Structure formats: structure tokens, C-alpha cells
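A quick write-up on the structure given underneath.
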Amino acid sequence: MAKDAPDPLYDIKTAFHIGNYSQCITEAQSLKVTDAPTGIRRDVYLYRAYLAQRKYAVVLDEVNKTKAPEVQAIRLLAQYLHSPSSRSGVVEEIKSQLKAGVDTTCDTLFLVAAAIYAHEKDYTSALRTLHQTQSLECSAMTVQYLIAIDRIDVAMTEVKRMMEEDEDNILTQLAQAWLFMAVGGAKIKDAFFIFQEAIDRHGTTTFLLSNQAACNILEGKYEAAEGVLQDALEKDSNSPEVLVNLIVVTSKMGKPAEVTRRYISQMKDSHPDHHYTREYLAKEEEFDRLAASFRASVSA
């Protein structure tokens with residue numbers, strides 16, 4: 001059952017979860033805080049929104065040791081994303097903090113740790129970390145990572161638990177949509193309509209459009225997906241999710257190779273650390289190595 005008490009951060013959290021980061025920041029900055037815990041939670045979402053906009057320097061400059069531990073956890077994530085050379089140190093710091101013990105009612109460090117583990121492709125540690133708390137956001141992240149490792153059965157159980165706790169929460173709705181996309185078949189259309197309902201209720205965002213486009217791609221509706229992605233591109237011309245989906249769509253539609261290469265080049269230039277870019281570059285290097293080996297064997 002959903003809690004009846006009004007949440008002063010409802011608009012801030014909803015804006016964040018649907019990908020409306022500018023609105024999240026605006027709402028957070030205008031919120032009249034009446035108690036310290038609310039102020040801390042407000043700051044957590046404020047700085048997470050800046051991270052989502054890839055404004056790492058804002059977080060690194062503003063979050064110092066005087067901030068609450070939950071807010072300092074966001075700084076760790078900013079440091080990890082901003083400075084690849086410091087990542088091993090951040091991972092060790094995360095492990096140390098988790099080992100020292102964390103209040104399980106404060107899910108921020110768990111979310112940060114899980115996000116970092118997932119970036120490291122260590123889904124086992126990410127899921128183990130998220131299992132330590134029962135917040136809806138940790139559950140939604142759990143669903144994402146279970147789908148990533150093809151444990152749809154366990155993801156179903158997690159979504160069922162979320163629906164029993166608060167079926168109307170935007171996080172529950174998103175988790176259900178992601179599950180439907182993973183299940184496939186007729187469920188993909190149900191996922192599409194969940195995203196559409198979120199758009200109708202909360203407004204259009206690049207995040208929601210990108211998810212709708214992914215539904216179209218799964219159904220083989222590439223022209224529809226391209227139209228949705230062009231709308232998303234107008235909102236954020238540098239969104240990595242939109243660019244990756246456009247790479248898939250333009251390739252599937254048989255567009256001129258230079259069109260697809262243009263999006264790939266943009267990913268390389270703007271998002272060199274994105275998992276798609278890293279995997280693409282690794283395949284390029286492997287191809288070049290094999291090609292060189294083949295040329296050497298032919299000329300021998």
C-alpha cells in the first residue's frame with residue numbers, strides 16, 4: 001500500500017525519474033525546506049540531476065565534507081564518472097563505507113555503489129548491494145540489472161513486490177514497462193503505453209521518448225522509432241541513449257552508411273566512456289588485429 005502522508009519532494013523525484021532534470025533542479029531550488037532530513041533528500045536529487053546532465057564539476061565544487069553523508073555519496077559518483085584515473089580508488093572507498101555499515105533506510109549510498117558496480121560490469125556486487133535495502137528506487141534498479149543478466153524470472157518477482165507496495169508510483173510503472181520489454185511479444189505494446197501514460201501525465205522527456213523508441217525497435221517498427229528519436233533529438237541532441245538507438249534504427253532501415261557513421265562518431269566524441277562506445281572500440285581494435293594478422297599470413 002502507498003503511504004498516505006504527502007511527500008514534499010514528490011514533484012522533484014518524479015521529474016528526476018522521468019528524466020526531466022532541468023525541472024528537477026528548478027523544483028529543488030525553489031522548495032521551502034522546513035526540516036533537515038527533507039533538505040538532505042532535496043540535495044540528493046538536486047545533485048543527482050546535475051550528474052544526469054553530466055555537470056560533474058558542479059557537484060565536485062559544491063559538495064564538500066560539511067554536507068551530509070548521503071550527499072557526499074553523490075560526490076563519489078561524480079568523481080568516478082568525471083575522472084577515470086580515480087575509479088579504482090572510488091571503488092575501494094565505496095567498499096570501505098559499505099563494510100563499515102550504512103543505515104539501510106538511507107538508500108543513496110546503495111544506489112551509488114550499485115551504479116558504480118554496474119558500470120564495472122559487476123552485476124553480482126550491484127545486486128548484492130541493492131538487496132540490503134527495500135526502497136522502491138533500489139528495487140527499480142534491481143529490475144534493470146536483473147534484466148541485464150537475463151534473469152527475467154527474478155525481475156518478475158521484484159516487480160510484483162513493487163506493485164504490492166505502491167503500484168501507482170512512477171518507479172513501479174517504469175520497472176513494469178522495462179519488464180514487459182524484456183518479456184517481449186504482446187507485452188511490448190503494453191510497455192509503450194506505460195511510457196505514453198507517463199508522457200500524458202508528466203510531460204515529454206528525452207528519457208521517455210527513448211524508451212518508446214526502444215519499444216518500436218523491438219517490434220520492428222523502425223520508421224516509427226526514427227520519428228520518435230528525432231523528437232527526442234530535438235530535446236537533447238547529445239543523449240547517448242538516443243544516439244545508440246539511432247545507430248540501430250538507421251542500420252536496420254538501410255540508411256546510407258555515412259548516416260550511421262555520423263551517430264557512431266558522435267558517440268565516440270561525446271561519450272567515449274559509454275558502454276556502447278567502449279564495446280564498439282574494442283571490436284574495432286579486434287577487427288584491426290585480425291585484419292593485420294590475415295594480411296601478414298597472405299604475404300608470407
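Note on naming: chains are A, B, ... as they come in the C-alpha cells, residues start from 1 per chain, ligands start from 1 in the order shown.
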
Point to revise | Contacts of region 244-248 of chain A within 8 Å, only C-alpha atoms, excl. fewer than 2 positions in-chain, as a list in words | key: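 So the residues in contact are Ser210, Ala213, Ala214, Glu226, Leu229, Pro240, Glu241, Val242, Thr250, Ser251, Lys252, Thr260, Arg261, Tyr263, Ile264, Met267 and Tyr276 of chain A.
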
Only all heavy atoms, please: the residues just picked out, written as a CSV table (one decimal), in the first residue's frame.
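What ended up in part_25.csv:
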```csv
chain,number,residue,atom,x,y,z
A,210,SER,N,12.9,8.0,-25.6
A,210,SER,CA,13.9,7.0,-26.0
A,210,SER,C,13.4,5.6,-25.6
A,210,SER,O,13.6,4.6,-26.4
A,210,SER,CB,15.2,7.2,-25.2
A,210,SER,OG,16.2,6.3,-25.6
A,213,ALA,N,10.9,4.6,-28.2
A,213,ALA,CA,11.6,4.2,-29.5
A,213,ALA,C,12.1,2.8,-29.3
A,213,ALA,O,12.1,2.0,-30.3
A,213,ALA,CB,12.7,5.2,-29.8
A,214,ALA,N,12.6,2.5,-28.2
A,214,ALA,CA,13.1,1.1,-27.9
A,214,ALA,C,12.0,0.1,-28.1
A,214,ALA,O,12.2,-1.0,-28.7
A,214,ALA,CB,13.7,1.0,-26.6
A,226,GLU,N,12.3,5.9,-35.6
A,226,GLU,CA,13.1,7.0,-36.1
A,226,GLU,C,12.4,8.4,-35.8
A,226,GLU,O,13.0,9.3,-35.4
A,226,GLU,CB,13.4,6.9,-37.6
A,226,GLU,CG,14.3,8.0,-38.1
A,226,GLU,CD,14.5,7.9,-39.6
A,226,GLU,OE1,13.6,7.4,-40.3
A,226,GLU,OE2,15.6,8.3,-40.1
A,229,LEU,N,12.7,9.2,-32.2
A,229,LEU,CA,14.0,9.5,-31.8
A,229,LEU,C,14.4,10.9,-32.3
A,229,LEU,O,15.2,11.6,-31.7
A,229,LEU,CB,15.0,8.5,-32.4
A,229,LEU,CG,14.9,7.1,-31.7
A,229,LEU,CD1,15.7,6.1,-32.5
A,229,LEU,CD2,15.5,7.2,-30.3
A,240,PRO,N,23.1,10.0,-25.2
A,240,PRO,CA,23.7,8.7,-25.7
A,240,PRO,C,22.7,7.7,-26.0
A,240,PRO,O,22.9,6.9,-26.9
A,240,PRO,CB,24.6,8.3,-24.5
A,240,PRO,CG,24.1,9.1,-23.3
A,240,PRO,CD,23.5,10.3,-23.8
A,241,GLU,N,21.6,7.6,-25.2
A,241,GLU,CA,20.6,6.6,-25.4
A,241,GLU,C,19.9,6.8,-26.8
A,241,GLU,O,19.7,5.9,-27.5
A,241,GLU,CB,19.6,6.6,-24.3
A,241,GLU,CG,20.0,6.1,-23.0
A,241,GLU,CD,21.0,7.0,-22.3
A,241,GLU,OE1,20.9,8.2,-22.5
A,241,GLU,OE2,21.8,6.5,-21.4
A,242,VAL,N,19.6,8.1,-27.1
A,242,VAL,CA,19.0,8.4,-28.4
A,242,VAL,C,20.0,8.1,-29.5
A,242,VAL,O,19.6,7.5,-30.5
A,242,VAL,CB,18.6,9.9,-28.4
A,242,VAL,CG1,18.1,10.3,-29.8
A,242,VAL,CG2,17.5,10.2,-27.4
A,250,THR,N,18.9,3.4,-38.0
A,250,THR,CA,19.4,3.7,-39.4
A,250,THR,C,20.1,2.5,-40.0
A,250,THR,O,20.0,2.4,-41.3
A,250,THR,CB,20.5,4.9,-39.3
A,250,THR,OG1,21.5,4.6,-38.4
A,250,THR,CG2,19.8,6.2,-38.9
A,251,SER,N,20.7,1.7,-39.2
A,251,SER,CA,21.3,0.4,-39.8
A,251,SER,C,20.2,-0.5,-40.3
A,251,SER,O,20.3,-1.1,-41.4
A,251,SER,CB,22.2,-0.2,-38.7
A,251,SER,OG,22.7,-1.5,-39.2
A,252,LYS,N,19.2,-0.7,-39.4
A,252,LYS,CA,18.1,-1.6,-39.8
A,252,LYS,C,17.3,-1.1,-41.0
A,252,LYS,O,16.8,-1.9,-41.8
A,252,LYS,CB,17.2,-1.7,-38.6
A,252,LYS,CG,17.7,-2.5,-37.4
A,252,LYS,CD,17.8,-4.0,-37.7
A,252,LYS,CE,18.2,-4.8,-36.5
A,252,LYS,NZ,18.4,-6.2,-36.8
A,260,THR,N,24.7,6.4,-40.4
A,260,THR,CA,25.0,5.6,-39.2
A,260,THR,C,26.4,6.0,-38.6
A,260,THR,O,26.5,6.2,-37.4
A,260,THR,CB,25.0,4.1,-39.5
A,260,THR,OG1,23.7,3.8,-40.1
A,260,THR,CG2,25.2,3.3,-38.3
A,261,ARG,N,27.4,6.2,-39.5
A,261,ARG,CA,28.7,6.5,-39.0
A,261,ARG,C,28.7,7.9,-38.3
A,261,ARG,O,29.5,8.1,-37.4
A,261,ARG,CB,29.7,6.5,-40.2
A,261,ARG,CG,30.1,5.1,-40.7
A,261,ARG,CD,31.4,5.2,-41.5
A,261,ARG,NE,31.3,6.0,-42.7
A,261,ARG,CZ,30.9,5.5,-43.9
A,261,ARG,NH1,30.7,4.2,-44.0
A,261,ARG,NH2,30.8,6.3,-44.9
A,263,TYR,N,26.4,9.1,-36.4
A,263,TYR,CA,26.0,8.9,-35.0
A,263,TYR,C,27.1,8.2,-34.2
A,263,TYR,O,27.3,8.4,-33.0
A,263,TYR,CB,24.7,8.1,-34.9
A,263,TYR,CG,23.5,8.9,-35.5
A,263,TYR,CD1,22.7,8.3,-36.5
A,263,TYR,CD2,23.2,10.2,-35.1
A,263,TYR,CE1,21.6,9.1,-37.1
A,263,TYR,CE2,22.1,10.9,-35.6
A,263,TYR,CZ,21.4,10.3,-36.6
A,263,TYR,OH,20.3,11.0,-37.2
A,264,ILE,N,27.7,7.2,-34.8
A,264,ILE,CA,28.8,6.5,-34.2
A,264,ILE,C,29.9,7.5,-33.8
A,264,ILE,O,30.5,7.4,-32.7
A,264,ILE,CB,29.3,5.4,-35.0
A,264,ILE,CG1,28.3,4.3,-35.2
A,264,ILE,CG2,30.6,4.8,-34.4
A,264,ILE,CD1,28.7,3.2,-36.2
A,267,MET,N,29.0,9.5,-30.8
A,267,MET,CA,29.2,8.7,-29.6
A,267,MET,C,30.6,8.6,-29.2
A,267,MET,O,31.0,8.8,-28.0
A,267,MET,CB,28.6,7.3,-29.8
A,267,MET,CG,27.1,7.2,-29.7
A,267,MET,SD,26.4,7.6,-28.1
A,267,MET,CE,27.2,6.3,-27.0
A,276,TYR,N,28.4,1.4,-24.8
A,276,TYR,CA,28.4,1.1,-26.2
A,276,TYR,C,29.7,1.5,-26.9
A,276,TYR,O,30.2,0.7,-27.7
A,276,TYR,CB,27.2,1.9,-26.9
A,276,TYR,CG,27.1,1.7,-28.4
A,276,TYR,CD1,26.5,0.7,-29.0
A,276,TYR,CD2,27.8,2.6,-29.2
A,276,TYR,CE1,26.4,0.5,-30.3
A,276,TYR,CE2,27.8,2.5,-30.6
A,276,TYR,CZ,27.1,1.4,-31.1
A,276,TYR,OH,27.1,1.3,-32.5
```

Within 8 Å of region 16-30 of chain A, which residues of region 142-218 of chain A show up? Give each one with its shortest atom-to-atom distance in Å (one decimal) and the two atoms involved, counting only C-alpha atoms, rows by chain then rising residue number, as a Markdown table.
```
| residue | atom | partner | partner_atom | distance |
| --- | --- | --- | --- | --- |
| A:Ile170 | CA | A:His17 | CA | 7.5 |
| A:Leu171 | CA | A:His17 | CA | 7.1 |
| A:Ala198 | CA | A:Ile18 | CA | 7.9 |
| A:Thr205 | CA | A:Asn20 | CA | 6.0 |
| A:Thr206 | CA | A:Gly19 | CA | 6.9 |
| A:Phe207 | CA | A:Gly19 | CA | 5.3 |
| A:Leu208 | CA | A:Ile18 | CA | 6.5 |
```

Practice item. May I have the residues within 10 Å of Ala155 (chain A) as a list in words, using only C-alpha atoms and disregarding those fewer than 5 positions away in the same chain? Key: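 After dropping sequence-adjacent residues, the list is Ser139, Ala140, Thr142, Val143, Gln144, Tyr145, Leu146, Ile147, Asp150, Lys160, Arg161, Ala175, Gln176, Trp178, Leu179 and Ala182 of chain A.
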
Take the residues from that selection and write them out as a PDB file, in the first residue's frame, keeping C-alpha atoms.
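Output saved as selection-v6.pdb:
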```pdb
ATOM      1  CA  SER A 139      14.004  -2.216  -6.438  1.00  0.00           C
ATOM      2  CA  ALA A 140      13.662  -0.423  -9.797  1.00  0.00           C
ATOM      3  CA  THR A 142      17.408  -4.189  -9.261  1.00  0.00           C
ATOM      4  CA  VAL A 143      14.909  -4.888 -12.036  1.00  0.00           C
ATOM      5  CA  GLN A 144      17.162  -3.159 -14.567  1.00  0.00           C
ATOM      6  CA  TYR A 145      20.206  -5.193 -13.577  1.00  0.00           C
ATOM      7  CA  LEU A 146      18.293  -8.482 -13.423  1.00  0.00           C
ATOM      8  CA  ILE A 147      17.120  -7.852 -16.970  1.00  0.00           C
ATOM      9  CA  ASP A 150      18.713 -12.188 -18.323  1.00  0.00           C
ATOM     10  CA  LYS A 160       5.341  -7.914  -8.222  1.00  0.00           C
ATOM     11  CA  ARG A 161       6.704  -6.806  -4.846  1.00  0.00           C
ATOM     12  CA  ALA A 175      10.003  -1.083 -13.808  1.00  0.00           C
ATOM     13  CA  GLN A 176       6.898  -2.831 -15.115  1.00  0.00           C
ATOM     14  CA  TRP A 178      11.096  -2.465 -18.643  1.00  0.00           C
ATOM     15  CA  LEU A 179       9.995  -5.955 -17.622  1.00  0.00           C
ATOM     16  CA  ALA A 182      12.262  -7.877 -21.728  1.00  0.00           C
TER      17      ALA A 182
END
```

Review point. CA of Ser270 (chain A) and CA of Asn211 (chain A), how far apart in Å?
Key: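 Atom-to-atom, CA of Asn211 (chain A) and CA of Ser270 (chain A) are spaced 20.9 Å apart.
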
Check your understanding: Looking only at the backbone, which of the residues in region 94-216 of chain A does DSSP tag as alpha helix (DSSP H), as an MDAnalysis selection string?
Key -> chainID A and resid 94:100 108:119 123:130 136:148 152:166 170:183 187:202 206:216

Review point. So how many Å separate CA of Phe195 (chain A) and CA of Gln212 (chain A), to one decimal?
Key: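 Computed distance, CA of Phe195 (chain A) to CA of Gln212 (chain A), equals 6.4 Å.
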
Practice item. Work out how far apart CA of His202 (chain A) and CA of Val33 (chain A) are and give it in Å to one decimal. Key: 23.5 Å

Point to revise | Residue with smallest distance to Gly203 (chain A) - pool A:His119, A:Thr14, A:His274, A:Glu234, counting only C-alpha atoms | key: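 Checking each of A:His119, A:Thr14, A:His274, A:Glu234 against Gly203 (chain A), counting only C-alpha atoms, the winner is A:Thr14.
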
Check your understanding: Using only C-alpha atoms, which residue out of A:Thr108, A:Gln97, A:Asn216, A:Ser135 lies closest to Tyr45 (chain A)?
Key ->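 Smallest distance to Tyr45 (chain A) is found for A:Thr108.
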
Name the residues in contact with Leu31 (chain A) at a cut-off of 9 Å, using only C-alpha atoms, excluding same-chain residues fewer than 6 positions from it; report them as a short mmCIF file (atom, residue, chain, number, x, y, z; two decimals) with N, CA, C and O atoms, in the first residue's frame.
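Result saved to selection-v4.cif:
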```
data_model
loop_
_atom_site.label_atom_id
_atom_site.label_comp_id
_atom_site.auth_asym_id
_atom_site.auth_seq_id
_atom_site.Cartn_x
_atom_site.Cartn_y
_atom_site.Cartn_z
N PRO A 8 6.84 16.00 0.38
CA PRO A 8 7.21 17.33 -0.12
C PRO A 8 8.14 17.29 -1.32
O PRO A 8 8.28 18.28 -2.04
N LEU A 9 8.76 16.13 -1.54
CA LEU A 9 9.69 16.00 -2.66
C LEU A 9 9.07 15.29 -3.86
O LEU A 9 9.77 14.92 -4.80
N ILE A 12 9.82 16.83 -7.25
CA ILE A 12 11.26 16.74 -7.52
C ILE A 12 11.64 15.33 -7.95
O ILE A 12 12.34 15.14 -8.95
N GLY A 39 15.78 18.61 3.66
CA GLY A 39 16.84 19.34 2.97
C GLY A 39 17.89 18.41 2.40
O GLY A 39 18.38 18.62 1.28
N ARG A 42 16.41 16.62 -0.57
CA ARG A 42 16.34 17.58 -1.67
C ARG A 42 17.69 17.71 -2.35
O ARG A 42 17.79 17.70 -3.59
#
```

Practice item. Select, from A:Ala291, A:Met163, A:Val249, A:Leu243, the residue with the minimum atom-to-atom distance to Ala224 (chain A), counting only C-alpha atoms. Key: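 Answer, going by the shortest atom-to-atom distance: A:Val249.
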